[in-house]
Structure formats: structure tokens, C-alpha cells
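Asker: One file: protein-v4.cif (mmCIF, C-alpha atoms (C1' of nucleotides)).
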data_work
loop_
_atom_site.label_atom_id
_atom_site.label_comp_id
_atom_site.auth_asym_id
_atom_site.auth_seq_id
_atom_site.Cartn_x
_atom_site.Cartn_y
_atom_site.Cartn_z
CA MET A 96 -9.71 -7.49 -11.06
CA ALA A 97 -9.53 -5.58 -14.31
CA VAL A 98 -7.98 -2.24 -13.46
CA ARG A 99 -8.09 0.80 -15.60
CA ILE A 100 -4.51 1.84 -16.14
CA ASP A 101 -3.91 5.53 -16.77
CA GLY A 102 -0.87 7.63 -17.51
CA VAL A 103 0.07 8.00 -13.85
CA ASP A 104 -0.01 4.23 -13.39
CA ARG A 105 2.19 3.78 -16.43
CA LYS A 106 4.65 6.34 -15.08
CA ILE A 107 4.75 4.52 -11.75
CA LEU A 108 5.29 1.18 -13.48
CA ALA A 109 8.01 2.66 -15.67
CA GLU A 110 9.83 3.96 -12.58
CA MET A 111 9.48 0.63 -10.79
CA GLN A 112 10.74 -1.26 -13.83
CA ARG A 113 13.73 1.03 -13.93
CA ASP A 114 14.51 0.70 -10.22
CA ALA A 115 12.20 -1.03 -7.78
CA SER A 116 14.38 -0.17 -4.79
CA GLN A 117 13.40 3.50 -4.92
CA SER A 118 11.38 4.87 -2.02
CA LEU A 119 7.74 5.84 -2.44
CA ASP A 120 8.74 9.47 -2.06
CA ASP A 121 11.18 9.17 -4.94
CA ILE A 122 8.62 7.51 -7.18
CA ALA A 123 6.00 10.07 -6.16
CA ARG A 124 8.37 12.89 -7.04
CA ALA A 125 9.22 11.27 -10.38
CA VAL A 126 5.58 10.94 -11.37
CA GLY A 127 4.55 14.32 -9.95
CA SER A 128 2.33 13.13 -7.14
CA SER A 129 2.60 12.35 -3.44
CA LYS A 130 3.22 9.05 -1.70
CA THR A 131 -0.32 8.13 -0.64
CA PRO A 132 -1.87 7.98 -4.11
CA VAL A 133 1.25 6.26 -5.42
CA TRP A 134 1.07 3.72 -2.62
CA ASN A 135 -2.63 3.03 -3.29
CA ARG A 136 -2.04 2.65 -7.00
CA ILE A 137 0.85 0.23 -6.48
CA ARG A 138 -1.29 -1.83 -4.10
CA LYS A 139 -4.09 -2.03 -6.67
CA LEU A 140 -1.68 -2.90 -9.47
CA LYS A 141 -0.32 -5.74 -7.35
CA GLU A 142 -3.78 -7.00 -6.44
CA ALA A 143 -4.82 -6.90 -10.08
CA GLY A 144 -1.74 -8.87 -11.06
CA VAL A 145 -0.34 -6.17 -13.32
CA ILE A 146 2.74 -6.21 -11.08
CA ARG A 147 3.45 -9.93 -11.05
CA GLN A 148 6.69 -10.08 -9.12
CA GLN A 149 9.29 -7.87 -7.52
CA THR A 150 12.65 -9.44 -8.13
CA VAL A 151 16.35 -8.96 -8.72
CA PHE A 152 18.07 -9.46 -12.03
CA LEU A 153 21.33 -11.32 -11.46
CA ASP A 154 24.53 -11.68 -13.45
CA ALA A 155 24.16 -15.26 -14.66
CA GLU A 156 27.82 -15.67 -15.61
CA ALA A 157 29.07 -14.41 -12.26
CA LEU A 158 26.99 -17.17 -10.67
CA GLY A 159 28.37 -19.86 -12.92
CA PHE A 160 25.64 -20.07 -15.53
CA GLU A 161 27.86 -19.71 -18.54
CA ALA A 162 25.76 -21.36 -21.23
CA CYS A 163 22.47 -20.32 -22.75
CA PHE A 164 20.59 -22.27 -25.41
CA PHE A 165 17.51 -21.54 -27.47
CA VAL A 166 15.82 -24.81 -28.24
CA LEU A 167 13.46 -25.23 -31.19
CA ILE A 168 11.13 -28.18 -30.86
CA ARG A 169 8.92 -29.93 -33.40
CA THR A 170 6.55 -32.64 -32.29
CA SER A 171 4.11 -34.91 -34.03
CA GLU A 172 2.02 -35.35 -30.91
CA HIS A 173 -0.62 -32.77 -30.26
CA ASP A 174 -3.13 -34.43 -27.98
CA ALA A 175 -4.06 -32.91 -24.64
CA ASP A 176 -2.33 -35.54 -22.55
CA TRP A 177 1.03 -35.14 -24.28
CA GLN A 178 0.73 -31.36 -24.08
CA ALA A 179 -0.02 -31.48 -20.35
CA ARG A 180 2.97 -33.71 -19.66
CA PHE A 181 5.25 -31.54 -21.80
CA LEU A 182 4.05 -28.40 -20.04
CA LYS A 183 4.65 -29.90 -16.63
CA ALA A 184 8.11 -31.10 -17.63
CA LEU A 185 9.05 -27.56 -18.64
CA GLN A 186 7.57 -25.93 -15.57
CA ASP A 187 9.33 -28.39 -13.27
CA ARG A 188 12.77 -27.71 -14.72
CA ALA A 189 14.49 -24.65 -13.33
CA GLU A 190 16.90 -24.52 -16.29
CA VAL A 191 14.00 -23.50 -18.52
CA GLN A 192 13.69 -19.75 -18.23
CA GLU A 193 11.27 -19.30 -21.10
CA ALA A 194 8.91 -21.57 -22.96
CA HIS A 195 6.55 -20.51 -25.72
CA ARG A 196 4.11 -22.44 -27.86
CA LEU A 197 4.49 -21.16 -31.41
CA ALA A 198 2.42 -20.74 -34.53
CA GLY A 199 3.72 -22.53 -37.61
CA ASP A 200 6.37 -25.06 -38.50
CA ILE A 201 8.19 -25.09 -35.17
CA ASP A 202 5.96 -25.97 -32.24
CA TYR A 203 7.88 -24.73 -29.21
CA ILE A 204 10.83 -22.55 -28.34
CA LEU A 205 12.67 -22.72 -25.02
CA LYS A 206 15.35 -20.62 -23.46
CA VAL A 207 17.54 -22.82 -21.29
CA ARG A 208 20.16 -21.40 -18.94
CA VAL A 209 22.75 -23.89 -17.68
CA ARG A 210 26.25 -24.04 -16.21
CA ASN A 211 27.83 -25.58 -19.31
CA ALA A 212 27.22 -27.69 -22.41
CA ARG A 213 27.32 -30.87 -20.36
CA ALA A 214 24.48 -29.59 -18.19
CA TYR A 215 22.50 -28.81 -21.34
CA ASP A 216 22.97 -32.34 -22.57
CA ALA A 217 21.76 -33.71 -19.24
CA PHE A 218 18.68 -31.51 -19.55
CA TYR A 219 18.11 -32.60 -23.15
CA GLN A 220 18.43 -36.31 -22.39
CA ALA A 221 16.08 -36.00 -19.42
CA LEU A 222 13.51 -34.09 -21.44
CA ILE A 223 13.37 -36.43 -24.44
CA SER A 224 13.20 -39.46 -22.17
CA GLU A 225 10.20 -37.92 -20.42
CA VAL A 226 8.20 -36.71 -23.43
CA ARG A 227 8.42 -37.77 -27.04
CA VAL A 228 9.44 -35.03 -29.46
CA HIS A 229 9.98 -35.27 -33.18
CA ASN A 230 12.84 -32.88 -33.77
CA VAL A 231 15.01 -30.68 -31.58
CA THR A 232 17.42 -27.96 -32.66
CA ALA A 233 19.59 -26.20 -30.12
CA LEU A 234 20.97 -22.72 -30.81
CA LEU A 235 23.93 -21.86 -28.63
CA SER A 236 24.28 -18.27 -27.50
CA MET A 237 27.79 -16.90 -27.86
CA GLU A 238 27.02 -13.45 -26.55
CA GLU A 239 24.09 -11.86 -24.77
CA ILE A 240 23.78 -8.56 -26.61
CA LYS A 241 20.71 -7.44 -24.73
CA SER A 242 18.56 -8.83 -21.97
CA THR A 243 15.74 -7.01 -20.29
CA THR A 244 12.22 -7.63 -19.06
CA MET A 245 11.26 -3.97 -19.27
CA LEU A 246 8.23 -3.05 -21.31
CA PRO A 247 8.38 0.24 -23.22
CA LEU A 248 5.68 2.09 -21.27
CA GLU A 249 6.20 5.35 -23.07
CA ILE A 250 3.51 7.70 -21.89
CA MET B 70 35.25 -6.39 -8.16
CA ALA B 71 35.32 -10.16 -8.17
CA VAL B 72 33.45 -11.30 -5.09
CA ARG B 73 33.62 -14.70 -3.57
CA ILE B 74 30.07 -15.98 -3.40
CA ASP B 75 29.32 -18.49 -0.69
CA GLY B 76 26.27 -20.46 0.34
CA VAL B 77 24.84 -17.63 2.43
CA ASP B 78 25.13 -15.24 -0.52
CA ARG B 79 23.35 -17.73 -2.74
CA LYS B 80 20.58 -18.13 -0.18
CA ILE B 81 20.17 -14.36 0.00
CA LEU B 82 20.08 -14.10 -3.79
CA ALA B 83 17.57 -16.94 -3.99
CA GLU B 84 15.30 -15.15 -1.53
CA MET B 85 15.63 -11.86 -3.38
CA GLN B 86 14.90 -13.52 -6.69
CA ARG B 87 11.77 -15.05 -5.19
CA ASP B 88 10.56 -11.80 -3.62
CA ALA B 89 12.65 -8.65 -3.52
CA SER B 90 10.05 -6.75 -1.52
CA GLN B 91 10.81 -8.72 1.65
CA SER B 92 12.34 -6.83 4.56
CA LEU B 93 15.93 -7.40 5.59
CA ASP B 94 14.66 -9.09 8.74
CA ASP B 95 12.65 -11.57 6.69
CA ILE B 96 15.60 -12.37 4.45
CA ALA B 97 17.89 -12.67 7.47
CA ARG B 98 15.46 -15.09 9.10
CA ALA B 99 15.16 -17.10 5.89
CA VAL B 100 18.91 -17.50 5.56
CA GLY B 101 19.52 -18.00 9.27
CA SER B 102 21.47 -14.83 9.98
CA SER B 103 20.81 -11.32 11.20
CA LYS B 104 20.21 -8.20 9.22
CA THR B 105 23.64 -6.56 9.51
CA PRO B 106 25.59 -9.25 7.66
CA VAL B 107 22.74 -9.67 5.18
CA TRP B 108 22.73 -5.94 4.50
CA ASN B 109 26.52 -5.89 4.02
CA ARG B 110 26.42 -8.87 1.68
CA ILE B 111 23.66 -7.35 -0.42
CA ARG B 112 25.59 -4.11 -0.69
CA LYS B 113 28.70 -5.96 -1.85
CA LEU B 114 26.72 -8.05 -4.34
CA LYS B 115 25.29 -4.85 -5.80
CA GLU B 116 28.69 -3.18 -5.97
CA ALA B 117 30.19 -6.23 -7.65
CA GLY B 118 27.38 -6.23 -10.20
CA VAL B 119 26.11 -9.68 -9.24
CA ILE B 120 22.79 -7.99 -8.48
CA ARG B 121 22.33 -6.04 -11.70
CA GLN B 122 18.90 -4.57 -11.20
CA GLN B 123 15.99 -4.60 -8.80
CA THR B 124 12.84 -4.49 -10.85
CA VAL B 125 9.21 -5.48 -11.20
CA PHE B 126 7.96 -8.12 -13.56
CA LEU B 127 4.80 -6.87 -15.25
CA ASP B 128 1.91 -8.57 -16.98
CA ALA B 129 2.66 -7.67 -20.61
CA GLU B 130 -0.80 -8.51 -21.90
CA ALA B 131 -2.55 -6.41 -19.26
CA LEU B 132 -0.48 -3.49 -20.50
CA GLY B 133 -1.39 -4.07 -24.13
CA PHE B 134 1.66 -5.97 -25.30
CA GLU B 135 -0.18 -8.86 -26.86
CA ALA B 136 2.35 -10.12 -29.38
CA CYS B 137 5.71 -11.74 -28.88
CA PHE B 138 8.03 -12.83 -31.68
CA PHE B 139 11.28 -14.73 -31.76
CA VAL B 140 13.29 -13.53 -34.72
CA LEU B 141 16.01 -15.65 -36.32
CA ILE B 142 18.48 -13.65 -38.35
CA ARG B 143 21.11 -14.70 -40.87
CA THR B 144 23.51 -12.19 -42.29
CA SER B 145 26.29 -12.29 -44.82
CA GLU B 146 28.00 -9.26 -43.33
CA HIS B 147 30.35 -9.93 -40.50
CA ASP B 148 32.67 -6.93 -40.41
CA ALA B 149 33.08 -4.88 -37.27
CA ASP B 150 31.29 -1.82 -38.61
CA TRP B 151 28.17 -3.73 -39.58
CA GLN B 152 28.17 -5.51 -36.25
CA ALA B 153 28.46 -2.28 -34.29
CA ARG B 154 25.57 -0.71 -36.20
CA PHE B 155 23.42 -3.82 -35.76
CA LEU B 156 24.18 -3.90 -32.03
CA LYS B 157 23.28 -0.27 -31.62
CA ALA B 158 20.05 -0.71 -33.57
CA LEU B 159 19.00 -3.50 -31.21
CA GLN B 160 19.96 -1.67 -28.06
CA ASP B 161 18.11 1.45 -29.16
CA ARG B 162 14.84 -0.36 -29.77
CA ALA B 163 12.76 -0.93 -26.67
CA GLU B 164 10.73 -3.66 -28.38
CA VAL B 165 13.81 -5.88 -28.31
CA GLN B 166 13.81 -7.63 -24.94
CA GLU B 167 16.53 -10.12 -25.78
CA ALA B 168 19.26 -10.33 -28.37
CA HIS B 169 21.86 -13.06 -28.62
CA ARG B 170 24.66 -13.69 -31.06
CA LEU B 171 24.65 -17.39 -31.88
CA ALA B 172 27.03 -20.10 -32.90
CA GLY B 173 26.23 -21.84 -36.15
CA ASP B 174 23.92 -21.43 -39.11
CA ILE B 175 21.70 -18.73 -37.63
CA ASP B 176 23.62 -15.63 -36.56
CA TYR B 177 21.25 -13.86 -34.17
CA ILE B 178 18.07 -14.49 -32.25
CA LEU B 179 15.86 -11.72 -30.88
CA LYS B 180 12.86 -11.70 -28.62
CA VAL B 181 10.59 -8.85 -29.62
CA ARG B 182 7.61 -7.78 -27.52
CA VAL B 183 5.07 -5.57 -29.30
CA ARG B 184 1.43 -4.50 -29.09
CA ASN B 185 0.35 -6.41 -32.21
CA ALA B 186 1.48 -7.85 -35.54
CA ARG B 187 1.35 -4.44 -37.17
CA ALA B 188 3.81 -3.12 -34.60
CA TYR B 189 6.10 -6.04 -35.32
CA ASP B 190 6.02 -5.25 -39.01
CA ALA B 191 6.91 -1.63 -38.29
CA PHE B 192 9.85 -2.84 -36.21
CA TYR B 193 10.92 -5.27 -38.94
CA GLN B 194 10.77 -2.68 -41.71
CA ALA B 195 12.70 -0.18 -39.62
CA LEU B 196 15.37 -2.72 -38.75
CA ILE B 197 16.02 -4.01 -42.28
CA SER B 198 16.12 -0.47 -43.62
CA GLU B 199 18.79 0.38 -41.03
CA VAL B 200 21.05 -2.66 -41.33
CA ARG B 201 21.35 -5.16 -44.14
CA VAL B 202 20.46 -8.73 -43.21
CA HIS B 203 20.40 -11.78 -45.41
CA ASN B 204 17.48 -13.74 -44.05
CA VAL B 205 14.89 -13.19 -41.32
CA THR B 206 12.46 -15.72 -39.88
CA ALA B 207 9.87 -14.66 -37.32
CA LEU B 208 8.36 -17.18 -34.94
CA LEU B 209 5.09 -15.99 -33.43
CA SER B 210 4.38 -16.96 -29.83
CA MET B 211 0.85 -18.23 -29.30
CA GLU B 212 1.22 -18.92 -25.61
CA GLU B 213 3.77 -18.04 -22.97
CA ILE B 214 4.09 -21.32 -21.12
CA LYS B 215 6.82 -20.13 -18.80
CA SER B 216 8.68 -16.91 -18.29
CA THR B 217 11.15 -16.25 -15.53
CA THR B 218 14.51 -14.63 -14.97
CA MET B 219 15.25 -16.69 -11.88
CA LEU B 220 18.44 -18.70 -11.80
CA PRO B 221 18.32 -22.06 -10.01
CA LEU B 222 20.63 -21.19 -7.10
CA GLU B 223 20.16 -24.51 -5.34
CA ILE B 224 22.54 -24.56 -2.42
"C1'" DG C 106 -24.80 25.20 -14.14
"C1'" DC C 107 -25.62 23.06 -9.55
"C1'" DT C 108 -25.68 19.32 -6.21
"C1'" DC C 109 -24.49 15.12 -4.56
"C1'" DA C 110 -21.78 11.05 -4.56
"C1'" DA C 111 -17.75 8.80 -5.58
"C1'" DT C 112 -12.99 8.97 -6.04
"C1'" DA C 113 -8.37 10.83 -5.69
"C1'" DT C 114 -5.32 13.65 -3.27
"C1'" DA C 115 -1.85 15.81 0.22
"C1'" DG C 116 -0.15 15.84 4.67
"C1'" DG C 117 0.93 13.81 8.92
"C1'" DA C 118 1.16 10.09 12.84
"C1'" DA C 119 2.40 5.52 14.08
"C1'" DA C 120 4.61 1.33 12.97
"C1'" DT C 121 7.98 -0.84 10.50
"C1'" DT C 122 12.26 -1.07 8.16
"C1'" DG C 123 16.93 0.37 6.64
"C1'" DT C 124 21.50 1.93 7.99
"C1'" DT C 125 25.28 2.58 10.92
"C1'" DC C 126 27.95 1.79 15.07
"C1'" DT C 127 30.00 -1.01 18.77
"C1'" DG C 128 31.68 -4.89 21.11
"C1'" DG C 129 32.61 -9.54 20.92
"C1'" DA C 130 33.37 -14.01 18.47
"C1'" DT C 131 35.67 -16.68 14.87
"C1'" DA C 132 38.98 -17.62 11.56
"C1'" DT C 133 43.70 -16.82 9.27
"C1'" DC C 134 48.36 -16.04 8.77
"C1'" DC C 135 52.82 -15.90 10.21
"C1'" DG D 98 50.10 -19.13 19.97
"C1'" DG D 99 49.46 -14.29 19.35
"C1'" DA D 100 48.42 -10.50 16.14
"C1'" DT D 101 45.49 -9.24 12.32
"C1'" DA D 102 41.61 -9.31 9.76
"C1'" DT D 103 36.91 -10.67 9.01
"C1'" DC D 104 32.35 -11.53 10.33
"C1'" DC D 105 28.42 -11.44 13.31
"C1'" DA D 106 24.54 -10.08 16.79
"C1'" DG D 107 22.39 -6.53 18.97
"C1'" DA D 108 21.32 -1.78 19.84
"C1'" DA D 109 20.64 3.11 18.39
"C1'" DC D 110 19.31 6.14 15.10
"C1'" DA D 111 17.54 7.59 10.51
"C1'" DA D 112 14.46 6.80 6.95
"C1'" DT D 113 10.55 4.69 4.94
"C1'" DT D 114 6.18 2.39 4.71
"C1'" DT D 115 1.54 2.16 6.07
"C1'" DC D 116 -2.55 3.97 7.49
"C1'" DC D 117 -5.71 7.69 8.85
"C1'" DT D 118 -8.06 12.09 8.22
"C1'" DA D 119 -9.42 16.04 5.94
"C1'" DT D 120 -9.54 18.43 1.63
"C1'" DA D 121 -9.88 18.71 -3.32
"C1'" DT D 122 -11.40 16.95 -7.79
"C1'" DT D 123 -14.25 14.60 -11.00
"C1'" DG D 124 -18.46 12.93 -13.07
"C1'" DA D 125 -23.50 11.83 -13.28
"C1'" DG D 126 -28.05 13.21 -12.88
"C1'" DC D 127 -31.14 16.80 -12.87
#
Can you turn what I pasted into C-alpha cells?

Answerer:
Amino acid sequence: MAVRIDGVDRKILAEMQRDASQSLDDIARAVGSSKTPVWNRIRKLKEAGVIRQQTVFLDAEALGFEACFFVLIRTSEHDADWQARFLKALQDRAEVQEAHRLAGDIDYILKVRVRNARAYDAFYQALISEVRVHNVTALLSMEEIKSTTMLPLEI
Amino acid sequence: MAVRIDGVDRKILAEMQRDASQSLDDIARAVGSSKTPVWNRIRKLKEAGVIRQQTVFLDAEALGFEACFFVLIRTSEHDADWQARFLKALQDRAEVQEAHRLAGDIDYILKVRVRNARAYDAFYQALISEVRVHNVTALLSMEEIKSTTMLPLEI
DNA sequence: GCTCAATATAGGAAATTGTTCTGGATATCC
DNA sequence: GGATATCCAGAACAATTTCCTATATTGAGC
């Protein structure tokens, strides 16, 4: 389960982050090895869950998702039942791309990707009717300056 | 450049979002087509930039990135020069996974992924020494409840 | 420092997959 | 309603993945 990750693994992961459509031979060349060890390492990294998903990163606007909100949530309810229902509500809604429980004044932050402001309002109304929250602030993104999931795996 | 995206394209994109390591045959079967048209559509979607990147989604904690901050930034400087320098500073820093320019009271929000609080402080000090900002609030994530880049391409 | 065991490696064979081509079907425009 | 363009299924070929085998490397115990 717990794998030891060395420099070669990090190089492989860096290459795959950069472009996961490369062939094994290309990755092997990039990391200075041959395809068999690279293939075995990738398999182990997948098994261990270090590689969680292989996916494509799409242009949200080209697909009609033109609005993005960051939602700051304060709640006065902190019992386990409320938390479980809130968690489930977030996980069930595909608009919610990120959800974090925070330390401090604000309890949760969400990133919500929707087609337009109307769709955000529908999401908001549905959410607050499902779970009670004390205070909600929505920050509307005007421009996505940067967006990546890449980790800086500098060797 | 501007492609028309139909239901089949959306099905293909949905499959690729779910698992980009599938073979063309698998995707073709899933969308009810054969691999030639699927291959041509994928090529066009890549050319048009709808598919921006094929990548792997890694377990940040397993790789030692144990801290995640959302940073709310207010500034009193809004001229083009300042903005260009700020933009460049964000794009140059690999810790910054997301950066959005906002409407309203708060001007920018960042998502910053670092190894620990000390690394965040180093980032913060470097940033404010490079560009002048009026007010910075950091929200520390305690728990990543949800994290995905998938768009809800319901057909 | 040597031996043995464990592990990692390169190279190659077989199976699978990606890419291109061809002919035929469907839709569109005049 | 016919010409034009577009799209699709299937086959052929090229490339890649997957697995196997033999060799090299590393580390622990003596």
C-alpha cells in the first residue's frame, strides 16, 4: 500500500502530469530508463493510489460552463449528522468541483462551475433547502488566470 | 477553430473525463459508435482546444503536499502594469494551482498547494515582496471533501 | 570483502491498440 | 432529384502495451 517514491518515480509522475498520452517509450526516454521498469513503476503507483485518475482537462467555456463561483460558507451546526448530510449534498452535486473544510472563521469553501448565474442560483437554493447554513458568500470569477492540477514534483 | 459539439462528442468527452486510459474500442462501445469516428472526433476536439490536456490526477498528500490554502487578495493597484506583473508572478509559481480575478470586494482568489505551513509562508513573503497588495487573507484547508476537474456533461 | 537473496533492469515476443485507407451510407444544398 | 459533402463501419497496417526471460544491481549478513 505505502510505496516508497524515489526520484525516478517522481520523474515519471512529472512526465505523466505534463502529458499522459505519451507512450511508455517516450516516458522511459524522458526519465532515462526503459519501458519495462517504467511500466512496473506506473502499475505500482496506480495500485498504491498515488495515481488516482487518468483524465482529460477540458475547456469549460467551450462546453458552455461560463460561470465559476467560490462559495464561502459559515455554519452554526457542527454535529456529525449535519456534517454527514452536508458532505453528501456536496458529493452528489456535479457542479461542485472542489469542497474543503477550513480552519477558522469560515467553515467551508466550494468551487462551483455552472453554465450561468441562474444555474448558480438554482444550486444555491437547492443546497440551502437541503442543509441549514448560517452564512453564505459567493465570489464570482471574472477571469481564470491559472488553472492546473499539476504538483511541482521538482526532482 | 470553433467546433460544433454534439451529443456524441459530449459522450466521448464524458468517457474520457471518467477514464482517459480506456482504449478507443472501449470508448467507441460506450458511446455506441466505432473507433474511426471516435478517433476523428477526439483529434478535432484536441485541435480545437476543447481537450486541453491529458493528464494524471495524483494524490497530493502521498507526495508530501500536505497543506492547501485559499488566499483572498485585495489590492488598491489596478493599473495594467501592476496587473501584468501580478499575473506573471502567479503563473511562474508552481505552488499556485488556481488563480481567479473576481468581481466585487475581494480582487483575487488563489489556491496554493504546498508541503507545509512554512512553505506557504515562504510563498507569501516572496509574493508580497514582488507585487504590492493591500490585504491578504489565507484560509487553511483542513480536509479536502471533494476535488475534481470533471464537468457535468449530462447528455 | 564475499555470498546469497531480493530487487530492478533491458530486450524481445505476443497481444492489444492506434492510425490510416477504402467503400458505402446518410444528409445537405441547390 | 441529383451532385456534393460529411460521416461511418470494417479492414489493413503501424505502433504500443503487456508480459516473459535473462542479466545486472543493490543490500544484508557474515

Asker: List as CSV every residue of chain A that is in contact with chain D, defined as an atom at most 9 Å from one of its atoms (using all atoms listed in the file), together with the nearest atom pair and the distance in Å rounded to one decimal, sorted by chain and then rising number.

Answerer:
residue,atom,partner,partner_atom,distance
A:Ser118,CA,D:DT113,C1',7.0
A:Leu119,CA,D:DT113,C1',8.0
A:Asp120,CA,D:DT113,C1',8.7
A:Trp134,CA,D:DT115,C1',8.8

Asker: Quick one: residues within 10 Å of Ala155 in chain A, only C-alpha atoms (C1' of nucleotides) counted, chain neighbours fewer than 2 positions away excluded, as a list in words?

Answerer: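 That gives Phe152, Leu153, Ala157, Leu158, Gly159, Phe160, Glu161, Ala162, Cys163, Arg208, Val209 and Arg210 of chain A; Val119, Ile120, Arg121, Thr218, Met219 and Leu220 of chain B.
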
Asker: Compute the set of chain B residues within 7 Å of chain A, using all atoms listed in the file, and express it as a PyMOL selection string.

Answerer: chain B and resi 85-90+118-128+131+160+163-164+166-172+208-218+221

Asker: Set out as a Markdown table a contact list for chain A and chain C with a cut-off of 8 Å, giving each residue of chain A that qualifies its closest atom pair and distance in Å to one decimal, counting all atoms listed in the file, ordered by chain and rising residue number.

Answerer:
| residue | atom | partner | partner_atom | distance |
| --- | --- | --- | --- | --- |
| A:Ser129 | CA | C:DA115 | C1' | 6.7 |
| A:Thr131 | CA | C:DA115 | C1' | 7.9 |
| A:Pro132 | CA | C:DT114 | C1' | 6.7 |

Asker: Residues as selected, C-alpha atoms, written as a PDB file, in the coordinates of the input, can you do that?

Answerer:
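Writing done, so here's selection-v6.pdb:
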ATOM      1  CA  SER A 129       2.600  12.350  -3.440  1.00  0.00           C
ATOM      2  CA  THR A 131      -0.320   8.130  -0.640  1.00  0.00           C
ATOM      3  CA  PRO A 132      -1.870   7.980  -4.110  1.00  0.00           C
TER       4      PRO A 132
END

Asker: Expressed in Å to a single decimal, how great is the separation between CA of Asp161 in chain B and CA of Gly102 in chain A?

Answerer: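 It comes out at 23.1 Å.
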